[in-house]
Structures are given as C-alpha cells and as structure tokens.
>>> print(open('input.csv').read())   # CSV, C-alpha atoms and all ligand atoms
chain,number,residue,atom,x,y,z
A,171,MET,CA,0.0,0.0,0.0
A,172,LEU,CA,1.2,3.4,-1.0
A,173,GLU,CA,0.3,6.3,1.2
A,174,LEU,CA,1.0,10.0,1.3
A,175,LYS,CA,0.2,11.8,4.6
A,176,ASN,CA,-0.1,15.6,4.5
A,177,ILE,CA,2.5,16.2,1.9
A,178,SER,CA,3.5,19.8,1.1
A,179,LYS,CA,6.1,21.1,-1.2
A,180,GLN,CA,6.9,24.6,-2.2
A,181,TYR,CA,9.4,25.7,-4.8
A,182,GLY,CA,11.2,29.1,-5.0
A,183,ARG,CA,9.2,32.2,-5.9
A,184,GLY,CA,6.1,30.8,-4.3
A,185,ALA,CA,5.4,28.0,-6.8
A,186,ILE,CA,3.3,25.3,-5.1
A,187,GLY,CA,4.1,21.7,-5.9
A,188,ALA,CA,1.9,20.0,-3.3
A,189,ALA,CA,-0.4,21.5,-0.6
A,190,ASP,CA,-1.3,19.1,2.2
A,191,VAL,CA,-1.8,16.1,-0.1
A,192,SER,CA,-3.1,12.9,1.6
A,193,LEU,CA,-3.7,9.8,-0.5
A,194,THR,CA,-3.9,6.0,-0.1
A,195,VAL,CA,-3.5,3.6,-3.0
A,196,GLU,CA,-4.1,-0.1,-2.3
A,197,PRO,CA,-2.5,-3.0,-4.2
A,198,GLY,CA,-4.8,-3.8,-7.1
A,199,GLN,CA,-5.8,-0.2,-7.6
A,200,MET,CA,-5.1,2.1,-10.5
A,201,ILE,CA,-5.7,5.8,-9.9
A,202,ALA,CA,-5.4,8.8,-12.1
A,203,LEU,CA,-4.3,12.4,-11.4
A,204,PHE,CA,-5.9,14.8,-13.8
A,205,GLY,CA,-5.4,18.6,-13.7
A,206,PRO,CA,-4.0,21.5,-15.6
A,207,SER,CA,-0.4,22.0,-16.4
A,208,GLY,CA,1.5,23.3,-13.4
A,209,SER,CA,-1.0,22.0,-10.9
A,210,GLY,CA,1.4,19.7,-9.2
A,211,LYS,CA,0.9,16.2,-10.8
A,212,THR,CA,4.6,15.6,-11.5
A,213,THR,CA,5.6,16.9,-8.1
A,214,ILE,CA,3.2,14.4,-6.4
A,215,LEU,CA,4.5,11.5,-8.5
A,216,HIS,CA,8.1,12.4,-7.8
A,217,ILE,CA,7.5,12.6,-4.1
A,218,MET,CA,5.8,9.2,-4.2
A,219,GLY,CA,8.7,7.8,-6.2
A,220,LEU,CA,11.4,9.1,-3.7
A,221,LEU,CA,12.8,11.3,-6.5
A,222,GLN,CA,12.1,14.5,-4.7
A,223,THR,CA,11.6,15.3,-1.0
A,224,ALA,CA,8.7,17.1,0.4
A,225,ASP,CA,8.9,20.0,2.8
A,226,ARG,CA,6.4,18.4,5.1
A,227,GLY,CA,4.5,15.1,5.4
A,228,GLU,CA,5.2,11.4,5.1
A,229,VAL,CA,5.4,8.7,2.4
A,230,TRP,CA,4.7,5.1,3.4
A,231,LEU,CA,5.1,2.0,1.3
A,232,ASP,CA,3.7,-1.3,2.7
A,233,GLY,CA,3.8,-0.2,6.2
A,234,THR,CA,7.3,1.3,6.1
A,235,ARG,CA,8.0,5.0,6.2
A,236,VAL,CA,10.2,5.8,3.2
A,237,ASP,CA,10.6,9.5,3.1
A,238,GLY,CA,13.8,10.7,4.7
A,239,LEU,CA,15.7,7.5,3.8
A,240,SER,CA,19.4,7.8,3.0
A,241,GLU,CA,20.0,8.2,-0.7
A,242,ARG,CA,21.5,4.7,-0.9
A,243,HIS,CA,18.5,3.2,0.8
A,244,ALA,CA,16.0,5.2,-1.3
A,245,ALA,CA,17.8,4.0,-4.4
A,246,GLN,CA,17.3,0.4,-3.3
A,247,VAL,CA,13.6,1.0,-2.7
A,248,ARG,CA,13.3,2.7,-6.1
A,249,SER,CA,15.0,-0.1,-8.1
A,250,ARG,CA,13.2,-2.9,-6.3
A,251,ASP,CA,9.7,-1.6,-5.6
A,252,LEU,CA,9.1,1.3,-8.0
A,253,GLY,CA,8.7,1.6,-11.7
A,254,PHE,CA,8.7,5.1,-13.2
A,255,VAL,CA,7.6,6.4,-16.6
A,256,PHE,CA,9.0,9.9,-16.8
A,257,GLN,CA,7.2,12.7,-18.7
A,258,SER,CA,10.4,13.2,-20.7
A,259,PHE,CA,11.0,9.4,-21.0
A,260,GLY,CA,14.5,9.6,-19.4
A,261,LEU,CA,16.1,7.0,-21.7
A,262,LEU,CA,19.9,6.8,-21.8
A,263,PRO,CA,20.9,8.1,-25.2
A,264,LEU,CA,23.9,5.8,-25.8
A,265,LEU,CA,22.1,2.6,-25.0
A,266,SER,CA,19.8,0.7,-27.4
A,267,ALA,CA,16.1,0.3,-26.5
A,268,GLU,CA,16.8,-3.2,-25.2
A,269,GLU,CA,19.7,-2.1,-23.1
A,270,ASN,CA,17.7,0.8,-21.6
A,271,VAL,CA,15.1,-1.7,-20.4
A,272,ALA,CA,17.8,-4.2,-19.2
A,273,VAL,CA,19.3,-1.5,-16.9
A,274,MET,CA,16.5,-2.0,-14.4
A,275,LEU,CA,17.3,-5.7,-14.1
A,276,ARG,CA,21.0,-5.0,-13.9
A,277,LEU,CA,20.4,-2.8,-10.9
A,278,LEU,CA,18.9,-5.9,-9.2
A,279,GLY,CA,21.7,-8.2,-10.3
A,280,ILE,CA,19.7,-10.0,-13.0
A,281,GLY,CA,21.7,-10.6,-16.2
A,282,GLY,CA,22.2,-13.2,-18.9
A,283,GLU,CA,19.4,-15.2,-20.4
A,284,ALA,CA,16.9,-14.4,-17.5
A,285,SER,CA,17.4,-10.7,-18.3
A,286,ARG,CA,17.0,-11.2,-22.1
A,287,ARG,CA,13.8,-13.1,-21.6
A,288,ARG,CA,12.2,-10.6,-19.3
A,289,VAL,CA,13.3,-7.7,-21.5
A,290,ARG,CA,11.8,-9.3,-24.5
A,291,THR,CA,8.5,-10.0,-22.8
A,292,ALA,CA,8.3,-6.4,-21.5
A,293,MET,CA,9.0,-5.0,-24.9
A,294,GLU,CA,6.5,-7.3,-26.5
A,295,SER,CA,3.8,-6.3,-24.0
A,296,VAL,CA,4.1,-2.7,-25.3
A,297,GLY,CA,4.7,-3.6,-28.9
A,298,ILE,CA,8.2,-2.2,-29.2
A,299,GLU,CA,10.3,-5.4,-29.6
A,300,HIS,CA,11.0,-4.5,-33.3
A,301,ARG,CA,13.0,-1.5,-32.1
A,302,ALA,CA,15.2,-3.5,-29.7
A,303,ASP,CA,18.5,-2.4,-31.3
A,304,HIS,CA,17.6,1.3,-31.9
A,305,ARG,CA,18.9,4.1,-29.8
A,306,PRO,CA,16.4,6.7,-28.4
A,307,ALA,CA,17.4,9.3,-31.1
A,308,GLU,CA,16.5,6.7,-33.8
A,309,MET,CA,12.9,6.3,-32.5
A,310,SER,CA,9.8,8.4,-32.6
A,311,GLY,CA,8.4,10.0,-29.4
A,312,GLY,CA,5.7,7.3,-29.3
A,313,GLU,CA,8.3,4.5,-29.6
A,314,GLN,CA,10.5,6.1,-26.9
A,315,GLN,CA,7.5,6.3,-24.7
A,316,ARG,CA,6.8,2.6,-25.1
A,317,VAL,CA,10.5,1.8,-24.3
A,318,ALA,CA,10.1,3.9,-21.1
A,319,LEU,CA,7.0,1.8,-20.3
A,320,ALA,CA,8.8,-1.5,-20.8
A,321,ARG,CA,11.6,-0.3,-18.5
A,322,ALA,CA,9.0,0.7,-15.8
A,323,LEU,CA,7.4,-2.7,-15.7
A,324,VAL,CA,10.3,-5.2,-16.6
A,325,HIS,CA,11.2,-5.8,-12.9
A,326,ALA,CA,7.6,-6.3,-11.9
A,327,PRO,CA,7.6,-3.5,-9.3
A,328,LYS,CA,5.0,-3.1,-6.6
A,329,VAL,CA,4.2,0.4,-7.7
A,330,ILE,CA,4.2,2.0,-11.1
A,331,LEU,CA,4.2,5.8,-11.4
A,332,ALA,CA,3.5,7.0,-14.9
A,333,ASP,CA,3.7,10.7,-15.8
A,334,GLU,CA,1.6,11.3,-18.9
A,335,PRO,CA,2.5,7.9,-20.3
A,336,THR,CA,0.4,8.3,-23.4
A,337,GLY,CA,1.1,11.9,-24.3
A,338,GLU,CA,2.9,10.9,-27.5
A,339,LEU,CA,0.7,8.0,-28.5
A,340,ASP,CA,-2.2,7.7,-30.9
A,341,THR,CA,-5.6,6.8,-29.4
A,342,THR,CA,-5.4,3.1,-30.1
A,343,THR,CA,-1.9,2.6,-28.6
A,344,ALA,CA,-2.9,4.8,-25.7
A,345,ALA,CA,-5.9,2.6,-25.0
A,346,HIS,CA,-3.6,-0.4,-25.2
A,347,VAL,CA,-1.1,1.2,-22.7
A,348,PHE,CA,-3.9,2.0,-20.2
A,349,GLY,CA,-5.2,-1.5,-20.6
A,350,LEU,CA,-1.7,-2.8,-19.8
A,351,LEU,CA,-1.4,-0.6,-16.7
A,352,HIS,CA,-4.8,-1.7,-15.6
A,353,ALA,CA,-3.8,-5.4,-16.0
A,354,ILE,CA,-0.8,-4.7,-13.8
A,355,ALA,CA,-3.1,-3.3,-11.1
A,356,GLU,CA,-5.5,-6.3,-11.5
A,357,GLY,CA,-2.5,-8.6,-10.9
A,358,GLY,CA,-2.0,-6.9,-7.6
A,359,GLY,CA,0.2,-3.9,-8.5
A,360,THR,CA,-0.4,-0.3,-7.6
A,361,VAL,CA,-0.6,2.1,-10.4
A,362,VAL,CA,-0.7,5.9,-10.3
A,363,VAL,CA,-0.9,7.8,-13.6
A,364,ALA,CA,-0.9,11.5,-14.3
A,365,THR,CA,-2.7,12.1,-17.5
A,366,HIS,CA,-4.9,14.3,-19.7
A,367,ASP,CA,-6.3,11.4,-21.6
A,368,PRO,CA,-10.1,10.9,-21.2
A,369,VAL,CA,-9.6,7.2,-22.1
A,370,ALA,CA,-8.1,6.8,-18.6
A,371,LEU,CA,-11.4,7.9,-17.0
A,372,ASP,CA,-13.1,4.6,-17.9
A,373,ILE,CA,-10.3,2.4,-16.7
A,374,VAL,CA,-9.1,3.8,-13.4
A,375,ASP,CA,-10.6,2.9,-10.0
A,376,SER,CA,-10.4,6.5,-8.8
A,377,ALA,CA,-9.8,9.8,-10.6
A,378,TYR,CA,-8.5,12.8,-8.7
A,379,PHE,CA,-8.3,16.3,-9.9
A,380,VAL,CA,-5.2,18.3,-8.9
A,381,LYS,CA,-5.4,22.1,-8.6
A,382,ASP,CA,-2.8,24.4,-7.1
A,383,GLY,CA,-1.2,21.4,-5.4
A,384,THR,CA,-4.3,20.1,-3.7
A,385,LEU,CA,-6.2,16.9,-4.5
A,386,HIS,CA,-9.9,16.7,-5.1
A,387,LEU,CA,-12.2,13.8,-5.8
A,388,PRO,CA,-14.5,15.3,-8.3
A,389,ASP,CA,-17.8,14.1,-9.7
A,390,PRO,CA,-17.0,11.8,-12.7
A,391,ASP,CA,-19.3,13.8,-15.0
A,392,GLU,CA,-17.6,17.1,-14.0
A,393,LEU,CA,-14.2,15.5,-14.8
A,394,GLU,CA,-15.4,14.2,-18.1
A,395,LEU,CA,-16.7,17.7,-19.1
A,396,TRP,CA,-13.4,19.2,-18.1
A,397,LEU,CA,-11.4,16.7,-20.1
A,398,THR,CA,-13.5,16.8,-23.2
A,399,GLU,CA,-14.8,20.4,-23.4
A,400,GLY,CA,-13.0,22.5,-20.8
A,401,GLU,CA,-9.4,23.3,-20.2
A,402,GLY,CA,-8.3,19.7,-20.4
A,403,GLY,CA,-7.3,19.7,-24.1
A,404,LEU,CA,-5.8,23.2,-24.0
A,405,ALA,CA,-3.9,22.9,-20.7
A,406,ALA,CA,-2.2,19.6,-21.6
A,407,GLY,CA,1.3,19.5,-20.2
B,501,LIG,P1,2.3,19.4,-13.4
B,501,LIG,O1,3.0,18.1,-13.5
B,501,LIG,O2,0.8,19.3,-13.0
B,501,LIG,O3,2.4,20.2,-14.7
B,501,LIG,P2,4.4,20.3,-11.6
B,501,LIG,O4,4.4,19.4,-10.4
B,501,LIG,O5,5.4,20.0,-12.7
B,501,LIG,O6,2.9,20.3,-12.3
B,501,LIG,O7,4.6,21.8,-11.2
B,501,LIG,C1,3.8,22.4,-10.1
B,501,LIG,C2,4.3,23.8,-9.9
B,501,LIG,O8,5.6,23.8,-9.4
B,501,LIG,C3,4.3,24.7,-11.1
B,501,LIG,O9,4.0,26.0,-10.7
B,501,LIG,C4,5.8,24.6,-11.6
B,501,LIG,O10,6.2,25.7,-12.3
B,501,LIG,C5,6.5,24.5,-10.2
B,501,LIG,N1,7.7,23.7,-10.3
B,501,LIG,C6,7.8,22.4,-10.7
B,501,LIG,N2,9.1,21.9,-10.6
B,501,LIG,C7,9.8,23.0,-10.2
B,501,LIG,C8,11.2,23.2,-10.0
B,501,LIG,N3,12.1,22.2,-10.1
B,501,LIG,N4,11.6,24.5,-9.6
B,501,LIG,C9,10.7,25.5,-9.4
B,501,LIG,N5,9.4,25.3,-9.6
B,501,LIG,C10,9.0,24.1,-10.1
B,502,MG,MG,3.9,17.2,-15.2
>>> encode(input="input.csv", output="structure tokens")
Amino acid sequence: MLELKNISKQYGRGAIGAADVSLTVEPGQMIALFGPSGSGKTTILHIMGLLQTADRGEVWLDGTRVDGLSERHAAQVRSRDLGFVFQSFGLLPLLSAEENVAVMLRLLGIGGEASRRRVRTAMESVGIEHRADHRPAEMSGGEQQRVALARALVHAPKVILADEPTGELDTTTAAHVFGLLHAIAEGGGTVVVATHDPVALDIVDSAYFVKDGTLHLPDPDELELWLTEGEGGLAAG
C-alpha cells in the first residue's frame, strides 16, 4: 500500500508543488491524477517515487515510512519496488532500447538469459520489440514512450508511477497502454498515472483532480466535461 500523509512542497518564488496532499492507493488499484499544467501532478509523482523530497508530510510503502531514507536506501527501494515512466522518457541516449530496459534488471543483479527473456517479454507487451536495437534518437516520441513503459514494468515492481505515459501515443496505442497498466493493477500492482487522456477515466478505480497542489475527488461527470470540453485539451502539459 502506498500512502501520502499531509505532503506539502513549495518551490522558489512561491510555486506550489503540493499542498497538504493525503492519498492512499491499495495494491490492485489504479488511480489517475488529472489537472491543468503546473497543478502539481509531476511533483506528487516524484515525491511518491522518492525522486524528490517534500517540505512536510510522510510517504509510506507497505507499512514502512520511506521519506527521509538515505539516498542509498532510497535508491534500493526505487530499483526494487518502484517503476517510473517519466514525462520526458528519461532514456539513456547511448544505449539501445533493449539495453535501456535491461538497466532496471542489472540494478537488481539480474543478467544473462533471464534478463534477455524478461526484457523481450516487457518489450512485446508494449509492442516495441521490433526496435530493440535502436537508440532513443532513432525512435519516434511514441516509440521512446513505449520503451520507457517497458523499462518501468520489466522488474515487476509493486508500484508503477506513470507521468503522462500516453502523451505521445495515438488513441489506439494509448488505450492499449492504459489496458496494460490496468492489467498490472489487476495482478496486484499499484498504479498511479498523471494524464490528460479521457480514455483513462473509464479504466481507473479513482480519478483525482489536482489544482494548485491540492487533491480533489470530483464528480466523474464534472471531470469528463473538463477533459473533453473544458481546459483539459488546452492545458495539456
Ligand atoms: P504538473 O505536472 O501538474 O504540470 P508540476 O508538479 O510540474 O505540475 O509543477 C507544479 C508547480 O511547481 C508549477 O508551478 C511549476 O512551475 C513548479 N515547479 C515544478 N518543478 C519546479 C522546480 N524544479 N523548480 C521550481 N518550480 C517548479
Ligand atoms: Mg507534469
């Protein structure tokens, strides 16, 4: 179980990343964070993923408090228990697609044939196995996004945090990716996704709206209206 307790984060010049955010996500659940650009979605995901520290509040993972761990210990938790899909993909430019995915397993001491098999399966699950030998610069944004997804799930982490994982994908591929994330949740995983994609609304267990760093649990109709007719399309980012 992933839990944020009263998380607040402020940046310089008064920018608010999170304002007293409390949230519990159970294993088997997939939740979405909607909200305009600059509302704090990435900050919340980064704090959950131990990539950024909050000014106040607590992060708990399976009954253990994980904020304030040493960097070495936090890195261990990240590589074992967390899978991250970054908004900017975060692929290593000199490595092939396959090698980028294998990095996650290497961190856990998994190599050789076991690694190759798992990397292939992960790449197949997102339909990117045909680009195994390509470097990021040799792939489209959508292809890089799928490599980033394969990397996030190859080590079967407890928690997957995905920051706008379908921003570069066509509607069909996006629906497939959300289906895949949902299947991970159904298999007992915990999935948190920041997105602008209305497709996610029909798939997730709970949809939150983030505004000025605070979380709201809006009426589904209200959210759908926002996504399809309101700022949603315009404020994507
Ligand atoms: P979102 O992902 O919803 O677009 P972010 O979490 O990226 O929102 O940003 C929330 C707010 O914090 C914005 O006002 C943004 O400009 C600010 N912010 C985010 N990261 C930084 C940073 N590293 N330094 C300063 N301000 C930041
Ligand atoms: Mg963001």
>>> residues_near_ligand(input="input.csv", ligand="ligand LIG 501 (chain B)", cutoff="8 Å", atoms="only C-alpha atoms and all ligand atoms", output="VMD selection string")
chain A and resid 180 to 183 185 to 188 205 to 214 333 364 380 382 to 383 407
>>> residues_near_point(input="input.csv", point="(7.5, 0.0, 0.2)", cutoff="7 Å", atoms="only C-alpha atoms", output="count of residues only")
6
>>> residues_around(input="input.csv", residues="Pro388 (chain A)", least_positions_apart="3", cutoff="9 Å", atoms="all atoms listed in the file", output="ChimeraX atom specification")
/A:377-379,391-393
>>> write_last_selection(input="input.csv", atoms="C-alpha atoms", output="PDB file, keeping the file's coordinate frame")
ATOM      1  CA  ALA A 377      -9.800   9.800 -10.600  1.00  0.00           C
ATOM      2  CA  TYR A 378      -8.500  12.800  -8.700  1.00  0.00           C
ATOM      3  CA  PHE A 379      -8.300  16.300  -9.900  1.00  0.00           C
ATOM      4  CA  ASP A 391     -19.300  13.800 -15.000  1.00  0.00           C
ATOM      5  CA  GLU A 392     -17.600  17.100 -14.000  1.00  0.00           C
ATOM      6  CA  LEU A 393     -14.200  15.500 -14.800  1.00  0.00           C
TER       7      LEU A 393
END
>>> closest_residue(input="input.csv", among="A:Ala332, A:Glu269, A:Leu387, A:Met309", to="Met218 (chain A)", atoms="all atoms listed in the file")
A:Ala332
>>> closest_residue(input="input.csv", among="A:His386, A:His216, A:His300, A:Arg288", to="ligand MG 502 (chain B)", atoms="all atoms listed in the file")
A:His216
>>> atom_distance(input="input.csv", atom1="CA of Val255 (chain A)", atom2="CA of Val236 (chain A)")
20.0 Å
>>> atom_distance(input="input.csv", atom1="CA of Gly297 (chain A)", atom2="CA of Gly349 (chain A)")
13.1 Å
>>> closest_residue(input="input.csv", among="A:Ala244, A:Leu351, A:Val191, A:Val363", to="ligand MG 502 (chain B)", atoms="only C-alpha atoms and all ligand atoms")
A:Val363
>>> closest_residue(input="input.csv", among="A:Leu395, A:Val195, A:Val347, A:Ala320", to="Glu299 (chain A)", atoms="all atoms listed in the file")
A:Ala320
>>> decode(input="input.csv", residues="region 275-288 of chain A", atoms="all heavy atoms", output="PDB file, in the first residue's frame")
ATOM      1  N   LEU A 275      16.994  -4.327 -14.630  1.00  0.00           N
ATOM      2  CA  LEU A 275      17.290  -5.659 -14.104  1.00  0.00           C
ATOM      3  C   LEU A 275      18.732  -5.733 -13.619  1.00  0.00           C
ATOM      4  O   LEU A 275      19.032  -6.381 -12.614  1.00  0.00           O
ATOM      5  CB  LEU A 275      17.025  -6.710 -15.185  1.00  0.00           C
ATOM      6  CG  LEU A 275      15.568  -6.800 -15.632  1.00  0.00           C
ATOM      7  CD1 LEU A 275      15.425  -7.797 -16.780  1.00  0.00           C
ATOM      8  CD2 LEU A 275      14.665  -7.207 -14.475  1.00  0.00           C
ATOM      9  N   ARG A 276      19.617  -5.047 -14.338  1.00  0.00           N
ATOM     10  CA  ARG A 276      21.026  -5.037 -13.940  1.00  0.00           C
ATOM     11  C   ARG A 276      21.171  -4.472 -12.525  1.00  0.00           C
ATOM     12  O   ARG A 276      21.948  -4.971 -11.720  1.00  0.00           O
ATOM     13  CB  ARG A 276      21.844  -4.223 -14.960  1.00  0.00           C
ATOM     14  CG  ARG A 276      23.289  -4.316 -14.702  1.00  0.00           C
ATOM     15  CD  ARG A 276      24.226  -4.542 -15.898  1.00  0.00           C
ATOM     16  NE  ARG A 276      23.779  -4.189 -17.217  1.00  0.00           N
ATOM     17  CZ  ARG A 276      24.315  -3.202 -17.942  1.00  0.00           C
ATOM     18  NH1 ARG A 276      25.249  -2.427 -17.426  1.00  0.00           N
ATOM     19  NH2 ARG A 276      23.937  -3.002 -19.172  1.00  0.00           N
ATOM     20  N   LEU A 277      20.359  -3.427 -12.207  1.00  0.00           N
ATOM     21  CA  LEU A 277      20.399  -2.833 -10.868  1.00  0.00           C
ATOM     22  C   LEU A 277      20.045  -3.855  -9.798  1.00  0.00           C
ATOM     23  O   LEU A 277      20.412  -3.727  -8.640  1.00  0.00           O
ATOM     24  CB  LEU A 277      19.406  -1.662 -10.771  1.00  0.00           C
ATOM     25  CG  LEU A 277      19.787  -0.377 -11.509  1.00  0.00           C
ATOM     26  CD1 LEU A 277      18.637   0.609 -11.462  1.00  0.00           C
ATOM     27  CD2 LEU A 277      21.039   0.228 -10.892  1.00  0.00           C
ATOM     28  N   LEU A 278      19.268  -4.874 -10.201  1.00  0.00           N
ATOM     29  CA  LEU A 278      18.855  -5.902  -9.248  1.00  0.00           C
ATOM     30  C   LEU A 278      19.728  -7.146  -9.353  1.00  0.00           C
ATOM     31  O   LEU A 278      19.417  -8.191  -8.784  1.00  0.00           O
ATOM     32  CB  LEU A 278      17.385  -6.271  -9.493  1.00  0.00           C
ATOM     33  CG  LEU A 278      16.380  -5.136  -9.252  1.00  0.00           C
ATOM     34  CD1 LEU A 278      15.001  -5.536  -9.735  1.00  0.00           C
ATOM     35  CD2 LEU A 278      16.340  -4.754  -7.776  1.00  0.00           C
ATOM     36  N   GLY A 279      20.805  -7.045 -10.148  1.00  0.00           N
ATOM     37  CA  GLY A 279      21.735  -8.173 -10.273  1.00  0.00           C
ATOM     38  C   GLY A 279      21.231  -9.275 -11.182  1.00  0.00           C
ATOM     39  O   GLY A 279      21.694 -10.415 -11.108  1.00  0.00           O
ATOM     40  N   ILE A 280      20.255  -8.949 -12.045  1.00  0.00           N
ATOM     41  CA  ILE A 280      19.728  -9.958 -12.970  1.00  0.00           C
ATOM     42  C   ILE A 280      20.344  -9.715 -14.342  1.00  0.00           C
ATOM     43  O   ILE A 280      20.237  -8.622 -14.898  1.00  0.00           O
ATOM     44  CB  ILE A 280      18.184  -9.880 -13.074  1.00  0.00           C
ATOM     45  CG1 ILE A 280      17.559 -10.099 -11.703  1.00  0.00           C
ATOM     46  CG2 ILE A 280      17.664 -10.900 -14.090  1.00  0.00           C
ATOM     47  CD1 ILE A 280      16.090  -9.736 -11.626  1.00  0.00           C
ATOM     48  N   GLY A 281      21.030 -10.738 -14.887  1.00  0.00           N
ATOM     49  CA  GLY A 281      21.658 -10.604 -16.199  1.00  0.00           C
ATOM     50  C   GLY A 281      21.413 -11.837 -17.041  1.00  0.00           C
ATOM     51  O   GLY A 281      20.523 -12.646 -16.741  1.00  0.00           O
ATOM     52  N   GLY A 282      22.194 -11.990 -18.100  1.00  0.00           N
ATOM     53  CA  GLY A 282      22.185 -13.199 -18.924  1.00  0.00           C
ATOM     54  C   GLY A 282      20.840 -13.502 -19.547  1.00  0.00           C
ATOM     55  O   GLY A 282      20.068 -12.595 -19.867  1.00  0.00           O
ATOM     56  N   GLU A 283      20.558 -14.790 -19.687  1.00  0.00           N
ATOM     57  CA  GLU A 283      19.361 -15.229 -20.400  1.00  0.00           C
ATOM     58  C   GLU A 283      18.084 -14.801 -19.659  1.00  0.00           C
ATOM     59  O   GLU A 283      17.089 -14.427 -20.274  1.00  0.00           O
ATOM     60  CB  GLU A 283      19.412 -16.755 -20.613  1.00  0.00           C
ATOM     61  CG  GLU A 283      18.263 -17.351 -21.424  1.00  0.00           C
ATOM     62  CD  GLU A 283      18.000 -16.618 -22.760  1.00  0.00           C
ATOM     63  OE1 GLU A 283      18.963 -16.088 -23.351  1.00  0.00           O
ATOM     64  OE2 GLU A 283      16.837 -16.556 -23.182  1.00  0.00           O
ATOM     65  N   ALA A 284      18.119 -14.835 -18.324  1.00  0.00           N
ATOM     66  CA  ALA A 284      16.940 -14.417 -17.539  1.00  0.00           C
ATOM     67  C   ALA A 284      16.581 -12.974 -17.873  1.00  0.00           C
ATOM     68  O   ALA A 284      15.406 -12.636 -18.064  1.00  0.00           O
ATOM     69  CB  ALA A 284      17.224 -14.559 -16.046  1.00  0.00           C
ATOM     70  N   SER A 285      17.601 -12.138 -17.969  1.00  0.00           N
ATOM     71  CA  SER A 285      17.372 -10.736 -18.297  1.00  0.00           C
ATOM     72  C   SER A 285      16.829 -10.611 -19.714  1.00  0.00           C
ATOM     73  O   SER A 285      15.847  -9.912 -19.955  1.00  0.00           O
ATOM     74  CB  SER A 285      18.672  -9.944 -18.142  1.00  0.00           C
ATOM     75  OG  SER A 285      18.533  -8.660 -18.710  1.00  0.00           O
ATOM     76  N   ARG A 286      17.483 -11.295 -20.660  1.00  0.00           N
ATOM     77  CA  ARG A 286      17.049 -11.188 -22.067  1.00  0.00           C
ATOM     78  C   ARG A 286      15.588 -11.589 -22.223  1.00  0.00           C
ATOM     79  O   ARG A 286      14.821 -10.937 -22.930  1.00  0.00           O
ATOM     80  CB  ARG A 286      17.939 -12.059 -22.976  1.00  0.00           C
ATOM     81  CG  ARG A 286      19.196 -11.329 -23.425  1.00  0.00           C
ATOM     82  CD  ARG A 286      19.936 -12.083 -24.525  1.00  0.00           C
ATOM     83  NE  ARG A 286      20.491 -13.339 -24.020  1.00  0.00           N
ATOM     84  CZ  ARG A 286      21.629 -13.427 -23.340  1.00  0.00           C
ATOM     85  NH1 ARG A 286      22.333 -12.340 -23.071  1.00  0.00           N
ATOM     86  NH2 ARG A 286      22.071 -14.596 -22.914  1.00  0.00           N
ATOM     87  N   ARG A 287      15.192 -12.657 -21.528  1.00  0.00           N
ATOM     88  CA  ARG A 287      13.817 -13.148 -21.647  1.00  0.00           C
ATOM     89  C   ARG A 287      12.833 -12.111 -21.096  1.00  0.00           C
ATOM     90  O   ARG A 287      11.826 -11.806 -21.722  1.00  0.00           O
ATOM     91  CB  ARG A 287      13.687 -14.469 -20.881  1.00  0.00           C
ATOM     92  CG  ARG A 287      12.506 -15.322 -21.319  1.00  0.00           C
ATOM     93  CD  ARG A 287      12.537 -16.704 -20.696  1.00  0.00           C
ATOM     94  NE  ARG A 287      12.778 -16.649 -19.252  1.00  0.00           N
ATOM     95  CZ  ARG A 287      13.816 -17.208 -18.636  1.00  0.00           C
ATOM     96  NH1 ARG A 287      14.705 -17.885 -19.313  1.00  0.00           N
ATOM     97  NH2 ARG A 287      13.963 -17.097 -17.332  1.00  0.00           N
ATOM     98  N   ARG A 288      13.154 -11.574 -19.931  1.00  0.00           N
ATOM     99  CA  ARG A 288      12.229 -10.611 -19.318  1.00  0.00           C
ATOM    100  C   ARG A 288      12.152  -9.317 -20.115  1.00  0.00           C
ATOM    101  O   ARG A 288      11.096  -8.717 -20.242  1.00  0.00           O
ATOM    102  CB  ARG A 288      12.647 -10.343 -17.867  1.00  0.00           C
ATOM    103  CG  ARG A 288      12.359 -11.564 -16.983  1.00  0.00           C
ATOM    104  CD  ARG A 288      12.866 -11.378 -15.588  1.00  0.00           C
ATOM    105  NE  ARG A 288      12.106 -10.367 -14.853  1.00  0.00           N
ATOM    106  CZ  ARG A 288      12.173 -10.212 -13.545  1.00  0.00           C
ATOM    107  NH1 ARG A 288      12.947 -11.006 -12.833  1.00  0.00           N
ATOM    108  NH2 ARG A 288      11.472  -9.280 -12.952  1.00  0.00           N
TER     109      ARG A 288
END
